[in-house]
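File shown: entry.pdb. Contents: PDB, C-alpha atoms.
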ATOM      1  CA  MET A   1      32.112 145.356 -78.535
ATOM      2  CA  THR A   2      35.290 143.284 -78.161
ATOM      3  CA  THR A   3      38.456 145.352 -77.802
ATOM      4  CA  LEU A   4      41.942 144.584 -79.124
ATOM      5  CA  THR A   5      43.156 144.153 -75.527
ATOM      6  CA  GLU A   6      40.506 141.518 -74.865
ATOM      7  CA  ILE A   7      41.458 139.662 -78.034
ATOM      8  CA  THR A   8      45.162 139.737 -77.080
ATOM      9  CA  VAL A   9      44.513 138.499 -73.541
ATOM     10  CA  ALA A  10      42.285 135.737 -74.840
ATOM     11  CA  GLY A  11      44.950 134.755 -77.345
ATOM     12  CA  ASN A  12      47.606 134.569 -74.653
ATOM     13  CA  ASP A  13      45.323 132.481 -72.425
ATOM     14  CA  ASP A  14      44.654 130.072 -75.300
ATOM     15  CA  ARG A  15      48.372 129.812 -75.913
ATOM     16  CA  ARG A  16      49.103 129.003 -72.275
ATOM     17  CA  ASP A  17      46.311 126.415 -72.203
ATOM     18  CA  ASN A  18      47.794 124.824 -75.308
ATOM     19  CA  ILE A  19      51.260 124.737 -73.697
ATOM     20  CA  GLN A  20      49.870 123.111 -70.542
ATOM     21  CA  ASN A  21      48.093 120.483 -72.615
ATOM     22  CA  ASN A  22      51.308 119.803 -74.546
ATOM     23  CA  ARG A  23      53.832 120.423 -71.772
ATOM     24  CA  LEU A  24      57.409 119.620 -72.650
ATOM     25  CA  LEU A  25      60.371 118.688 -70.503
ATOM     26  CA  VAL A  26      63.170 120.835 -71.925
ATOM     27  CA  ALA A  27      66.711 119.944 -70.785
ATOM     28  CA  LEU A  28      69.425 122.511 -71.449
ATOM     29  CA  ASP A  29      73.159 122.004 -71.235
ATOM     30  CA  VAL A  30      75.091 125.092 -70.136
ATOM     31  CA  ASP A  31      78.666 125.356 -71.395
ATOM     32  CA  GLY A  32      78.787 125.373 -75.176
ATOM     33  CA  THR A  33      74.986 125.567 -75.345
ATOM     34  CA  LEU A  34      73.555 128.410 -73.259
ATOM     35  CA  VAL A  35      76.930 130.095 -72.738
ATOM     36  CA  ASP A  36      79.998 130.185 -74.950
ATOM     37  CA  HIS A  37      83.387 128.905 -73.874
ATOM     38  CA  ASP A  38      84.148 132.259 -72.260
ATOM     39  CA  GLY A  39      81.050 131.880 -70.087
ATOM     40  CA  HIS A  40      79.020 134.545 -71.935
ATOM     41  CA  MET A  41      75.268 134.132 -72.515
ATOM     42  CA  SER A  42      73.945 136.255 -75.373
ATOM     43  CA  PRO A  43      70.793 138.375 -74.919
ATOM     44  CA  ALA A  44      69.089 136.311 -77.651
ATOM     45  CA  VAL A  45      69.647 133.038 -75.786
ATOM     46  CA  ARG A  46      68.703 134.516 -72.413
ATOM     47  CA  ASN A  47      65.465 136.017 -73.752
ATOM     48  CA  ALA A  48      64.500 132.841 -75.603
ATOM     49  CA  ALA A  49      65.085 130.719 -72.496
ATOM     50  CA  GLN A  50      63.126 133.119 -70.305
ATOM     51  CA  ASN A  51      60.222 133.025 -72.752
ATOM     52  CA  VAL A  52      60.109 129.219 -72.772
ATOM     53  CA  VAL A  53      60.180 129.194 -68.968
ATOM     54  CA  GLY A  54      57.416 131.791 -68.916
ATOM     55  CA  VAL A  55      54.927 129.838 -71.041
ATOM     56  CA  GLY A  56      54.902 126.853 -68.697
ATOM     57  CA  HIS A  57      57.180 124.160 -70.105
ATOM     58  CA  GLU A  58      59.290 122.213 -67.567
ATOM     59  CA  VAL A  59      62.648 123.817 -68.368
ATOM     60  CA  MET A  60      65.627 122.240 -66.614
ATOM     61  CA  ILE A  61      69.334 122.928 -66.611
ATOM     62  CA  ALA A  62      71.246 119.669 -67.151
ATOM     63  CA  THR A  63      74.946 120.328 -66.744
ATOM     64  CA  GLY A  64      78.287 118.915 -65.739
ATOM     65  CA  ARG A  65      78.745 121.975 -63.532
ATOM     66  CA  SER A  66      78.487 121.637 -59.790
ATOM     67  CA  LEU A  67      75.639 123.191 -57.815
ATOM     68  CA  ASN A  68      77.143 126.602 -57.048
ATOM     69  CA  ALA A  69      78.244 127.099 -60.640
ATOM     70  CA  THR A  70      74.765 126.135 -61.883
ATOM     71  CA  LEU A  71      72.684 128.459 -59.699
ATOM     72  CA  PRO A  72      73.681 131.698 -61.531
ATOM     73  CA  ILE A  73      72.497 130.191 -64.830
ATOM     74  CA  ILE A  74      69.179 129.140 -63.278
ATOM     75  CA  GLU A  75      68.700 132.686 -61.989
ATOM     76  CA  LYS A  76      69.685 134.266 -65.305
ATOM     77  CA  ILE A  77      67.029 132.431 -67.300
ATOM     78  CA  GLY A  78      64.385 132.883 -64.609
ATOM     79  CA  ILE A  79      63.650 129.375 -63.348
ATOM     80  CA  GLU A  80      62.116 129.803 -59.884
ATOM     81  CA  ARG A  81      60.134 126.557 -59.720
ATOM     82  CA  GLY A  82      61.068 123.169 -61.069
ATOM     83  CA  TYR A  83      64.220 121.074 -61.151
ATOM     84  CA  ALA A  84      67.851 121.117 -62.225
ATOM     85  CA  VAL A  85      70.436 118.417 -62.837
ATOM     86  CA  CYS A  86      74.063 119.116 -61.873
ATOM     87  CA  CYS A  87      77.322 117.138 -61.847
ATOM     88  CA  ASN A  88      76.341 115.159 -64.965
ATOM     89  CA  GLY A  89      73.392 113.629 -63.126
ATOM     90  CA  GLY A  90      75.099 113.232 -59.756
ATOM     91  CA  VAL A  91      72.979 115.913 -58.049
ATOM     92  CA  THR A  92      69.328 116.854 -58.646
ATOM     93  CA  LEU A  93      67.777 120.040 -57.247
ATOM     94  CA  ARG A  94      64.188 121.041 -56.609
ATOM     95  CA  LEU A  95      63.653 124.764 -57.052
ATOM     96  CA  HIS A  96      60.975 126.789 -55.277
ATOM     97  CA  PRO A  97      61.013 130.335 -53.849
ATOM     98  CA  ASP A  98      59.594 129.115 -50.515
ATOM     99  CA  LEU A  99      62.614 126.888 -49.871
ATOM    100  CA  ASP A 100      65.670 128.061 -47.950
ATOM    101  CA  ARG A 101      68.068 129.507 -50.543
ATOM    102  CA  GLY A 102      65.406 128.775 -53.179
ATOM    103  CA  TYR A 103      66.348 125.127 -53.657
ATOM    104  CA  GLU A 104      66.874 121.767 -52.002
ATOM    105  CA  ILE A 105      68.928 118.734 -53.021
ATOM    106  CA  ILE A 106      66.552 115.824 -53.631
ATOM    107  CA  GLN A 107      69.025 113.298 -55.060
ATOM    108  CA  LYS A 108      72.756 112.754 -54.765
ATOM    109  CA  ALA A 109      74.652 109.804 -56.247
ATOM    110  CA  THR A 110      77.974 109.101 -54.501
ATOM    111  CA  PHE A 111      80.686 106.541 -55.166
ATOM    112  CA  ASP A 112      84.099 105.335 -54.010
ATOM    113  CA  PRO A 113      86.613 107.107 -56.279
ATOM    114  CA  ALA A 114      89.695 105.189 -55.099
ATOM    115  CA  PRO A 115      89.832 102.416 -57.779
ATOM    116  CA  ALA A 116      89.412 104.878 -60.658
ATOM    117  CA  LEU A 117      91.855 107.380 -59.155
ATOM    118  CA  ARG A 118      94.552 104.753 -58.627
ATOM    119  CA  ALA A 119      94.207 103.475 -62.203
ATOM    120  CA  LEU A 120      94.277 106.989 -63.638
ATOM    121  CA  ARG A 121      97.237 108.109 -61.529
ATOM    122  CA  GLU A 122      99.269 105.126 -62.748
ATOM    123  CA  ARG A 123      98.527 105.881 -66.402
ATOM    124  CA  LEU A 124      98.446 109.703 -66.166
ATOM    125  CA  PRO A 125     100.855 110.625 -63.355
ATOM    126  CA  ALA A 126     101.204 114.266 -64.444
ATOM    127  CA  ALA A 127      97.460 114.950 -64.618
ATOM    128  CA  LYS A 128      95.621 117.213 -62.192
ATOM    129  CA  TYR A 129      92.805 115.737 -60.108
ATOM    130  CA  ALA A 130      89.795 117.269 -58.369
ATOM    131  CA  LEU A 131      86.955 115.665 -56.454
ATOM    132  CA  GLU A 132      83.602 116.953 -55.243
ATOM    133  CA  ASP A 133      82.732 115.205 -51.990
ATOM    134  CA  GLU A 134      79.294 114.380 -50.584
ATOM    135  CA  ASP A 135      79.176 117.698 -48.698
ATOM    136  CA  GLY A 136      79.791 119.799 -51.823
ATOM    137  CA  ASN A 137      83.459 120.550 -51.037
ATOM    138  CA  PHE A 138      86.100 120.320 -53.750
ATOM    139  CA  LEU A 139      89.422 118.635 -53.032
ATOM    140  CA  SER A 140      92.213 119.013 -55.551
ATOM    141  CA  THR A 141      95.846 118.280 -56.285
ATOM    142  CA  GLU A 142      98.223 121.024 -57.402
ATOM    143  CA  ARG A 143      95.644 123.707 -56.549
ATOM    144  CA  PHE A 144      93.551 122.613 -59.519
ATOM    145  CA  GLN A 145      90.664 125.068 -59.950
ATOM    146  CA  ASP A 146      87.901 125.480 -62.547
ATOM    147  CA  ALA A 147      84.851 127.719 -62.901
ATOM    148  CA  SER A 148      82.593 124.658 -63.131
ATOM    149  CA  PHE A 149      83.380 123.795 -59.484
ATOM    150  CA  GLY A 150      81.499 126.816 -58.154
ATOM    151  CA  VAL A 151      83.593 126.880 -54.962
ATOM    152  CA  GLU A 152      87.259 127.282 -54.122
ATOM    153  CA  ALA A 153      89.001 123.919 -54.250
ATOM    154  CA  VAL A 154      91.030 122.870 -51.214
ATOM    155  CA  GLY A 155      94.479 121.479 -51.944
ATOM    156  CA  VAL A 156      95.009 118.002 -50.472
ATOM    157  CA  ASP A 157      97.354 115.079 -50.963
ATOM    158  CA  PHE A 158      96.329 112.193 -53.193
ATOM    159  CA  GLN A 159      95.704 109.837 -50.264
ATOM    160  CA  THR A 160      93.074 112.210 -48.855
ATOM    161  CA  MET A 161      91.261 112.100 -52.185
ATOM    162  CA  LEU A 162      91.383 108.293 -52.168
ATOM    163  CA  ASN A 163      89.668 108.233 -48.775
ATOM    164  CA  ALA A 164      86.844 110.613 -49.753
ATOM    165  CA  THR A 165      83.312 109.795 -50.909
ATOM    166  CA  ALA A 166      82.765 111.407 -54.294
ATOM    167  CA  VAL A 167      79.899 112.878 -56.274
ATOM    168  CA  ARG A 168      82.148 113.945 -59.124
ATOM    169  CA  VAL A 169      85.780 113.439 -60.078
ATOM    170  CA  VAL A 170      87.572 115.621 -62.633
ATOM    171  CA  VAL A 171      90.886 114.813 -64.316
ATOM    172  CA  PHE A 172      92.769 117.316 -66.474
ATOM    173  CA  SER A 173      96.049 116.829 -68.313
ATOM    174  CA  THR A 174      98.135 119.581 -69.860
ATOM    175  CA  ASP A 175     100.668 117.044 -71.174
ATOM    176  CA  ASN A 176      98.329 115.210 -73.560
ATOM    177  CA  THR A 177      96.281 116.042 -76.610
ATOM    178  CA  PRO A 178      92.562 115.220 -76.328
ATOM    179  CA  GLU A 179      93.169 112.229 -78.601
ATOM    180  CA  GLU A 180      96.056 110.896 -76.494
ATOM    181  CA  PHE A 181      94.057 111.483 -73.345
ATOM    182  CA  THR A 182      91.010 109.638 -74.726
ATOM    183  CA  ASP A 183      93.180 106.735 -75.814
ATOM    184  CA  ALA A 184      94.754 106.519 -72.352
ATOM    185  CA  ILE A 185      91.322 106.431 -70.698
ATOM    186  CA  ARG A 186      90.194 103.628 -72.986
ATOM    187  CA  GLN A 187      93.330 101.619 -72.245
ATOM    188  CA  ILE A 188      92.739 101.957 -68.507
ATOM    189  CA  GLY A 189      89.318 100.330 -68.871
ATOM    190  CA  LEU A 190      87.572 102.106 -65.996
ATOM    191  CA  SER A 191      84.864 100.004 -64.346
ATOM    192  CA  GLY A 192      82.219 100.774 -61.752
ATOM    193  CA  VAL A 193      81.908 104.412 -62.837
ATOM    194  CA  THR A 194      80.400 106.479 -65.658
ATOM    195  CA  TYR A 195      82.744 108.834 -67.455
ATOM    196  CA  SER A 196      82.911 111.266 -70.373
ATOM    197  CA  VAL A 197      85.854 112.988 -72.035
ATOM    198  CA  GLY A 198      85.479 116.713 -72.715
ATOM    199  CA  TRP A 199      86.660 119.062 -75.455
ATOM    200  CA  THR A 200      90.198 119.134 -74.104
ATOM    201  CA  ALA A 201      92.167 116.530 -72.148
ATOM    202  CA  TRP A 202      89.455 116.616 -69.484
ATOM    203  CA  LEU A 203      87.606 113.743 -67.854
ATOM    204  CA  ASP A 204      84.426 113.792 -65.739
ATOM    205  CA  ILE A 205      83.604 110.736 -63.623
ATOM    206  CA  ALA A 206      80.296 109.959 -61.882
ATOM    207  CA  ALA A 207      78.814 106.944 -60.123
ATOM    208  CA  ALA A 208      78.085 103.874 -62.234
ATOM    209  CA  GLY A 209      74.978 104.335 -64.383
ATOM    210  CA  VAL A 210      74.662 108.025 -63.526
ATOM    211  CA  THR A 211      74.303 110.433 -66.446
ATOM    212  CA  LYS A 212      72.274 113.507 -67.238
ATOM    213  CA  ALA A 213      69.813 111.177 -68.959
ATOM    214  CA  SER A 214      69.357 108.916 -65.921
ATOM    215  CA  ALA A 215      68.527 111.886 -63.687
ATOM    216  CA  LEU A 216      66.219 113.443 -66.289
ATOM    217  CA  GLU A 217      64.360 110.180 -66.772
ATOM    218  CA  GLU A 218      63.554 110.022 -63.051
ATOM    219  CA  LEU A 219      62.162 113.539 -63.222
ATOM    220  CA  ARG A 220      60.188 112.805 -66.404
ATOM    221  CA  VAL A 221      58.461 109.849 -64.744
ATOM    222  CA  GLN A 222      57.816 111.847 -61.571
ATOM    223  CA  LEU A 223      56.251 114.698 -63.571
ATOM    224  CA  GLY A 224      54.151 112.385 -65.739
ATOM    225  CA  ILE A 225      55.471 113.763 -69.027
ATOM    226  CA  ASP A 226      55.400 111.446 -72.026
ATOM    227  CA  ALA A 227      58.804 110.391 -73.338
ATOM    228  CA  ALA A 228      57.948 111.867 -76.741
ATOM    229  CA  GLN A 229      57.429 115.268 -75.087
ATOM    230  CA  THR A 230      61.094 115.702 -74.141
ATOM    231  CA  VAL A 231      63.615 118.051 -75.751
ATOM    232  CA  ALA A 232      67.349 118.278 -75.009
ATOM    233  CA  ILE A 233      70.048 120.597 -76.356
ATOM    234  CA  GLY A 234      73.759 119.947 -75.820
ATOM    235  CA  ASP A 235      77.192 120.019 -77.371
ATOM    236  CA  GLY A 236      79.503 117.724 -75.392
ATOM    237  CA  ARG A 237      80.270 114.042 -75.105
ATOM    238  CA  ASN A 238      78.627 114.129 -71.680
ATOM    239  CA  ASP A 239      75.399 115.058 -73.523
ATOM    240  CA  ILE A 240      75.282 111.964 -75.756
ATOM    241  CA  GLU A 241      73.052 109.909 -73.448
ATOM    242  CA  MET A 242      70.769 112.917 -72.915
ATOM    243  CA  LEU A 243      70.388 113.559 -76.650
ATOM    244  CA  THR A 244      69.630 109.889 -77.263
ATOM    245  CA  TRP A 245      67.116 109.871 -74.386
ATOM    246  CA  ALA A 246      65.180 112.916 -75.592
ATOM    247  CA  GLY A 247      62.245 112.682 -77.961
ATOM    248  CA  ARG A 248      63.924 115.586 -79.758
ATOM    249  CA  GLY A 249      67.674 115.681 -79.217
ATOM    250  CA  VAL A 250      69.427 118.729 -80.676
ATOM    251  CA  ALA A 251      73.205 119.024 -81.033
ATOM    252  CA  MET A 252      74.898 122.403 -81.193
ATOM    253  CA  GLY A 253      76.609 123.203 -84.480
ATOM    254  CA  GLN A 254      80.127 123.036 -83.035
ATOM    255  CA  ALA A 255      79.590 119.645 -81.370
ATOM    256  CA  PRO A 256      81.976 116.727 -82.086
ATOM    257  CA  GLU A 257      80.908 114.194 -84.709
ATOM    258  CA  GLU A 258      79.857 111.545 -82.187
ATOM    259  CA  VAL A 259      77.574 114.045 -80.426
ATOM    260  CA  ILE A 260      75.969 115.083 -83.705
ATOM    261  CA  ALA A 261      75.486 111.409 -84.581
ATOM    262  CA  ALA A 262      73.515 110.904 -81.341
ATOM    263  CA  ALA A 263      71.146 113.806 -82.055
ATOM    264  CA  ASP A 264      67.958 114.030 -84.101
ATOM    265  CA  GLU A 265      68.926 117.410 -85.501
ATOM    266  CA  VAL A 266      71.678 120.016 -85.459
ATOM    267  CA  THR A 267      71.262 123.711 -84.787
ATOM    268  CA  LEU A 268      73.686 126.625 -85.238
ATOM    269  CA  SER A 269      76.790 126.932 -83.081
ATOM    270  CA  VAL A 270      76.829 128.558 -79.655
ATOM    271  CA  TYR A 271      78.423 131.647 -81.242
ATOM    272  CA  ASP A 272      75.468 131.911 -83.637
ATOM    273  CA  ASP A 273      72.821 131.539 -80.901
ATOM    274  CA  GLY A 274      71.861 128.018 -81.942
ATOM    275  CA  ALA A 275      70.068 127.339 -78.656
ATOM    276  CA  ALA A 276      67.866 130.427 -79.165
ATOM    277  CA  ARG A 277      66.700 129.082 -82.520
ATOM    278  CA  VAL A 278      65.585 125.795 -80.936
ATOM    279  CA  LEU A 279      63.950 127.497 -77.969
ATOM    280  CA  HIS A 280      61.954 129.814 -80.243
ATOM    281  CA  SER A 281      60.555 126.724 -81.978
ATOM    282  CA  LEU A 282      58.992 125.648 -78.654
ATOM    283  CA  LEU A 283      56.907 128.811 -78.249
TER     284      LEU A 283
END
Kindly return the structure encoded in the file as structure tokens.
Amino acid sequence: MTTLTEITVAGNDDRRDNIQNNRLLVALDVDGTLVDHDGHMSPAVRNAAQNVVGVGHEVMIATGRSLNATLPIIEKIGIERGYAVCCNGGVTLRLHPDLDRGYEIIQKATFDPAPALRALRERLPAAKYALEDEDGNFLSTERFQDASFGVEAVGVDFQTMLNATAVRVVVFSTDNTPEEFTDAIRQIGLSGVTYSVGWTAWLDIAAAGVTKASALEELRVQLGIDAAQTVAIGDGRNDIEMLTWAGRGVAMGQAPEEVIAAADEVTLSVYDDGAARVLHSLL
């Protein structure tokens, strides 16, 4: 006689086998997607993410945050094995519990920030500047600090920043509207770098050709996952390339128009647990 327990176990095994045969690469933005703009992750989003991790999909954080600000999110949704993309594609991690600290850096894209910094300083002299160097330290002007850095920024003069090797550069202006800031960036005509403007007068700069999508594509090829079996959820302008890259690109409900235009579909806003709705559809 077959018991209910045996039927349930068999059903779960069939489900896992089906997931493994149809394994997805699921890329998740953090701020504005998994957490709201106060940094809060709802229980619904956390549980949905944990469930998708648990069934065997390749779930990856893909964020503009630096490494130390990304690790708490990885821990919260229970990713112990796999990969994560930080610094808008500038840093890629491999995660495994046998590694020291549970992770290792397997890719880091650096660049010379001096040309971009000089051009920006001339056009936006009152802006604040921060730079993540190749060793993971943050250098900043005017004691500029943000939660996405993950470490305490060290105040330096502008010349010191010009001489550094960068993984990520951040520019923030309190004297400009986002529209004025975006217009100023376009007028500067930055070359040799990849950049994206945030929700406010905020600019992220990475090495030329480096985006979340470029880092995710390397991992997709390495893992042997078909391009059609990729899913990405995001809300910011730095997610546009990722949403276009994904077989199923999902924009959060509060995303700007150009982000929504790049996506295949739109979910609810971060305050309505839009990411949870998408994640449940993957189970």
Given the PyMOL selection byres ((chain A and resi 165-170) around 8), the residues it picks as JSON, numbers by chain: {"A": [87, 90, 91, 108, 109, 110, 111, 112, 113, 129, 130, 131, 132, 133, 134, 163, 164, 171, 172, 202, 203, 204, 205, 206, 207]}
Do you know which residues are at most 10 Å from Val231 of chain A counting all atoms listed in the file, after dropping those on the same chain fewer than 3 positions away, and could you put them as an mmCIF file with C-alpha atoms, keeping the file's coordinate frame?
data_model
loop_
_atom_site.group_PDB
_atom_site.id
_atom_site.type_symbol
_atom_site.label_atom_id
_atom_site.label_comp_id
_atom_site.auth_asym_id
_atom_site.auth_seq_id
_atom_site.Cartn_x
_atom_site.Cartn_y
_atom_site.Cartn_z
ATOM 1 C CA LEU A 24 57.409 119.620 -72.650
ATOM 2 C CA LEU A 25 60.371 118.688 -70.503
ATOM 3 C CA VAL A 26 63.170 120.835 -71.925
ATOM 4 C CA ALA A 27 66.711 119.944 -70.785
ATOM 5 C CA LEU A 28 69.425 122.511 -71.449
ATOM 6 C CA VAL A 59 62.648 123.817 -68.368
ATOM 7 C CA ALA A 227 58.804 110.391 -73.338
ATOM 8 C CA ALA A 228 57.948 111.867 -76.741
ATOM 9 C CA MET A 242 70.769 112.917 -72.915
ATOM 10 C CA LEU A 243 70.388 113.559 -76.650
ATOM 11 C CA TRP A 245 67.116 109.871 -74.386
ATOM 12 C CA ALA A 246 65.180 112.916 -75.592
ATOM 13 C CA GLY A 247 62.245 112.682 -77.961
ATOM 14 C CA ARG A 248 63.924 115.586 -79.758
ATOM 15 C CA GLY A 249 67.674 115.681 -79.217
ATOM 16 C CA VAL A 250 69.427 118.729 -80.676
ATOM 17 C CA VAL A 278 65.585 125.795 -80.936
ATOM 18 C CA LEU A 279 63.950 127.497 -77.969
ATOM 19 C CA LEU A 282 58.992 125.648 -78.654
#
Output of the PyMOL selection byres ((chain A and resi 105) around 12), listed as a PyMOL selection string: chain A and resi 67+83-86+90-96+99-104+106-109+134-136
Keeping only C-alpha atoms, write those residues as a PDB file, in the frame of the given file.
ATOM      1  CA  LEU A  67      75.639 123.191 -57.815  1.00  0.00           C
ATOM      2  CA  TYR A  83      64.220 121.074 -61.151  1.00  0.00           C
ATOM      3  CA  ALA A  84      67.851 121.117 -62.225  1.00  0.00           C
ATOM      4  CA  VAL A  85      70.436 118.417 -62.837  1.00  0.00           C
ATOM      5  CA  CYS A  86      74.063 119.116 -61.873  1.00  0.00           C
ATOM      6  CA  GLY A  90      75.099 113.232 -59.756  1.00  0.00           C
ATOM      7  CA  VAL A  91      72.979 115.913 -58.049  1.00  0.00           C
ATOM      8  CA  THR A  92      69.328 116.854 -58.646  1.00  0.00           C
ATOM      9  CA  LEU A  93      67.777 120.040 -57.247  1.00  0.00           C
ATOM     10  CA  ARG A  94      64.188 121.041 -56.609  1.00  0.00           C
ATOM     11  CA  LEU A  95      63.653 124.764 -57.052  1.00  0.00           C
ATOM     12  CA  HIS A  96      60.975 126.789 -55.277  1.00  0.00           C
ATOM     13  CA  LEU A  99      62.614 126.888 -49.871  1.00  0.00           C
ATOM     14  CA  ASP A 100      65.670 128.061 -47.950  1.00  0.00           C
ATOM     15  CA  ARG A 101      68.068 129.507 -50.543  1.00  0.00           C
ATOM     16  CA  GLY A 102      65.406 128.775 -53.179  1.00  0.00           C
ATOM     17  CA  TYR A 103      66.348 125.127 -53.657  1.00  0.00           C
ATOM     18  CA  GLU A 104      66.874 121.767 -52.002  1.00  0.00           C
ATOM     19  CA  ILE A 106      66.552 115.824 -53.631  1.00  0.00           C
ATOM     20  CA  GLN A 107      69.025 113.298 -55.060  1.00  0.00           C
ATOM     21  CA  LYS A 108      72.756 112.754 -54.765  1.00  0.00           C
ATOM     22  CA  ALA A 109      74.652 109.804 -56.247  1.00  0.00           C
ATOM     23  CA  GLU A 134      79.294 114.380 -50.584  1.00  0.00           C
ATOM     24  CA  ASP A 135      79.176 117.698 -48.698  1.00  0.00           C
ATOM     25  CA  GLY A 136      79.791 119.799 -51.823  1.00  0.00           C
TER      26      GLY A 136
END
Using the chain letters and numbers from the file, give me the residues hit by the PyMOL selection byres ((chain A and resi 233) around 12), as a count of residues only. 58
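The nearest approach to Ala48 of chain A among the residues A:Thr70, A:Thr194, A:Thr141, A:Ile77, with all atoms listed in the file taken into account, belongs to A:Ile77.
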So what do you get for atom CA of Glu58 of chain A versus atom CA of Gly82 of chain A, distance-wise?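 Answer for the atom CA of Glu58 of chain A to atom CA of Gly82 of chain A separation: 6.8 Å.
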